[in-house]
Amino acid sequence: PAIFGTLMERALDKDERHKLGAHYTPRAYVERLVMPTVIEPLRSDWANVKTAAVALAAQDDLDAAIAEVDAFHRNLCEIRVLDPACGSGNFLYVAMEHMKRLEGEVLDTLRELGQGRGLFADSASKGFAVMPEQFLGIEANPMAAAVARVVLWIGYLQWHFRTLGRTNPPEPVLR
């Protein structure tokens with residue numbers, strides 16, 4: 001995102017950049033917004049769900065434990081994040097990256113509970129995965145909006161290949 005944001009900012013002439021208020025926001029600033037507004041509430045919910053699942057598993061009620069974690073995962077995959085002035089998509093990218101990390105923890109927990117569906121590829125192929133389509137932006141500049149879409153998909157594909165190796169992403173790759 002940093003490269004695309006800088007390129008986008010420099011592609012606009014000074015007057016147009018000023019008129020649009022187009023300025024690349026560094027990741028550290030973006031995380032100051034993303035963490036308390038998107039990620040920390042999700043992590044708090046996840047901590048509660050995980051505690052409940054561990055308690056259920058300790059009582060030998062694995063089905064109920066799996067159901068708790070699975071319900072949280074389904075909810076995570078349905079959340080939409082909106083940036084009302086998305087520019088080149090840095091806020092959306094950072095939110096997606098952190099939500100993918102959280103999803104990894106959720107799927108690892110499902111795996112630990114013996115749920116075979118805990119694999120990233122299986123979940124994505126069944127339509128339950130944190131995906132770029134969940135991250136929406138409003139942008140006055142059509143070029144910036146296109147850049148934001150590219151940033152999200154590049155980020156998603158980088159995550160996919162870093163996590164799953166040479167496994168192909170679910171089809172269609174771009175939605």
# chains A, B, ... in the order shown; residues from 1 in each chain; ligands from 1
$ residues_around --residues "A:Glu103" --least-positions-apart "2" --cutoff "8 Å" --atoms "only C-alpha atoms" --output "MDAnalysis selection string"
chainID A and resid 73 76 99:101 105:107 129:130
$ write_last_selection --atoms "N, CA, C and O atoms" --output "short mmCIF file (atom, residue, chain, number, x, y, z; two decimals), in the first residue's frame"
data_model
loop_
_atom_site.label_atom_id
_atom_site.label_comp_id
_atom_site.auth_asym_id
_atom_site.auth_seq_id
_atom_site.Cartn_x
_atom_site.Cartn_y
_atom_site.Cartn_z
N HIS A 73 -16.44 -17.46 13.50
CA HIS A 73 -15.79 -17.40 12.19
C HIS A 73 -16.76 -16.94 11.11
O HIS A 73 -16.44 -16.09 10.28
N LEU A 76 -17.26 -13.28 11.47
CA LEU A 76 -16.07 -12.57 11.01
C LEU A 76 -16.06 -12.45 9.48
O LEU A 76 -15.67 -11.43 8.93
N MET A 99 -7.60 -8.69 10.13
CA MET A 99 -8.72 -9.64 10.20
C MET A 99 -8.30 -11.02 9.69
O MET A 99 -8.76 -12.04 10.21
N LYS A 100 -7.41 -11.07 8.71
CA LYS A 100 -6.90 -12.36 8.23
C LYS A 100 -6.08 -13.03 9.33
O LYS A 100 -6.14 -14.25 9.51
N ARG A 101 -5.31 -12.25 10.08
CA ARG A 101 -4.54 -12.83 11.20
C ARG A 101 -5.49 -13.41 12.25
O ARG A 101 -5.26 -14.51 12.77
N GLU A 105 -6.13 -17.42 13.65
CA GLU A 105 -6.23 -17.90 15.03
C GLU A 105 -7.52 -18.71 15.22
O GLU A 105 -7.53 -19.74 15.90
N VAL A 106 -8.60 -18.23 14.63
CA VAL A 106 -9.89 -18.91 14.76
C VAL A 106 -9.81 -20.29 14.10
O VAL A 106 -10.23 -21.30 14.68
N LEU A 107 -9.24 -20.34 12.91
CA LEU A 107 -9.15 -21.62 12.20
C LEU A 107 -8.18 -22.56 12.89
O LEU A 107 -8.40 -23.78 12.90
N ALA A 129 -14.59 -17.19 4.44
CA ALA A 129 -13.23 -16.70 4.60
C ALA A 129 -13.29 -15.18 4.57
O ALA A 129 -14.17 -14.59 3.95
N VAL A 130 -12.37 -14.57 5.26
CA VAL A 130 -12.24 -13.12 5.18
C VAL A 130 -11.67 -12.83 3.79
O VAL A 130 -10.61 -13.33 3.43
#
$ atom_distance --atom1 "atom CA of A:Asn48" --atom2 "atom CA of A:Gln115"
19.6 Å
$ residues_around --residues "stretch 78-95 of chain A" --least-positions-apart "6" --cutoff "7 Å" --atoms "only C-alpha atoms" --output "list in words"
Pro1, Phe4, Gly5, Val30, Val34, Gln134, Phe135, Leu136, Gly137, Ile138, Glu139, Ala144, Ala145, Val147, Ala148, Val151, Leu152 and Gly155 of chain A
$ closest_residue --among "A:Thr167, A:Pro26, A:Val38, A:Thr109" --to "A:Val69" --atoms "only C-alpha atoms"
A:Thr109
$ atom_distance --atom1 "atom CA of A:Phe72" --atom2 "atom CA of A:Ser44"
11.7 Å
$ atom_distance --atom1 "atom CA of A:His160" --atom2 "atom CA of A:Leu102"
14.4 Å
$ residues_around --residues "A:Asp63" --least-positions-apart "2" --cutoff "10 Å" --atoms "only C-alpha atoms" --output "list in words"
Ala53, Leu56, Ala57, Asp60, Asp61, Ala65, Ile66, Ala67, Glu68, Leu113, Gly114 and Gln115 of chain A
$ write_last_selection --atoms "N, CA and C atoms" --output "CSV table (one decimal), in the first residue's frame"
chain,number,residue,atom,x,y,z
A,53,ALA,N,-15.4,-21.7,24.4
A,53,ALA,CA,-15.0,-22.9,23.7
A,53,ALA,C,-14.1,-23.8,24.5
A,56,LEU,N,-16.2,-25.4,27.2
A,56,LEU,CA,-17.0,-26.5,26.7
A,56,LEU,C,-16.2,-27.7,26.4
A,57,ALA,N,-15.0,-27.5,25.8
A,57,ALA,CA,-14.2,-28.6,25.5
A,57,ALA,C,-13.7,-29.4,26.7
A,60,ASP,N,-16.0,-31.9,27.8
A,60,ASP,CA,-16.2,-32.9,26.8
A,60,ASP,C,-17.3,-32.7,25.8
A,61,ASP,N,-17.7,-31.4,25.7
A,61,ASP,CA,-18.7,-31.0,24.7
A,61,ASP,C,-18.1,-30.4,23.5
A,65,ALA,N,-18.4,-26.6,21.5
A,65,ALA,CA,-17.2,-25.8,21.4
A,65,ALA,C,-16.9,-25.4,20.0
A,66,ILE,N,-17.0,-26.4,19.1
A,66,ILE,CA,-16.8,-26.2,17.7
A,66,ILE,C,-17.9,-25.2,17.1
A,67,ALA,N,-19.1,-25.4,17.6
A,67,ALA,CA,-20.2,-24.5,17.1
A,67,ALA,C,-19.9,-23.1,17.5
A,68,GLU,N,-19.4,-22.9,18.8
A,68,GLU,CA,-19.1,-21.5,19.2
A,68,GLU,C,-18.1,-20.8,18.3
A,113,LEU,N,-9.5,-28.2,18.0
A,113,LEU,CA,-10.7,-28.9,18.5
A,113,LEU,C,-11.1,-30.1,17.6
A,114,GLY,N,-10.3,-30.4,16.6
A,114,GLY,CA,-10.5,-31.6,15.8
A,114,GLY,C,-11.4,-31.4,14.6
A,115,GLN,N,-11.7,-30.1,14.3
A,115,GLN,CA,-12.5,-29.8,13.2
A,115,GLN,C,-11.7,-29.7,11.9
$ select_by_dssp --residues "stretch 30-168 of chain A" --states "alpha helix (DSSP H)" --output "ChimeraX atom specification"
/A:30-34,40-58,62-76,90-112,120-125,142-164
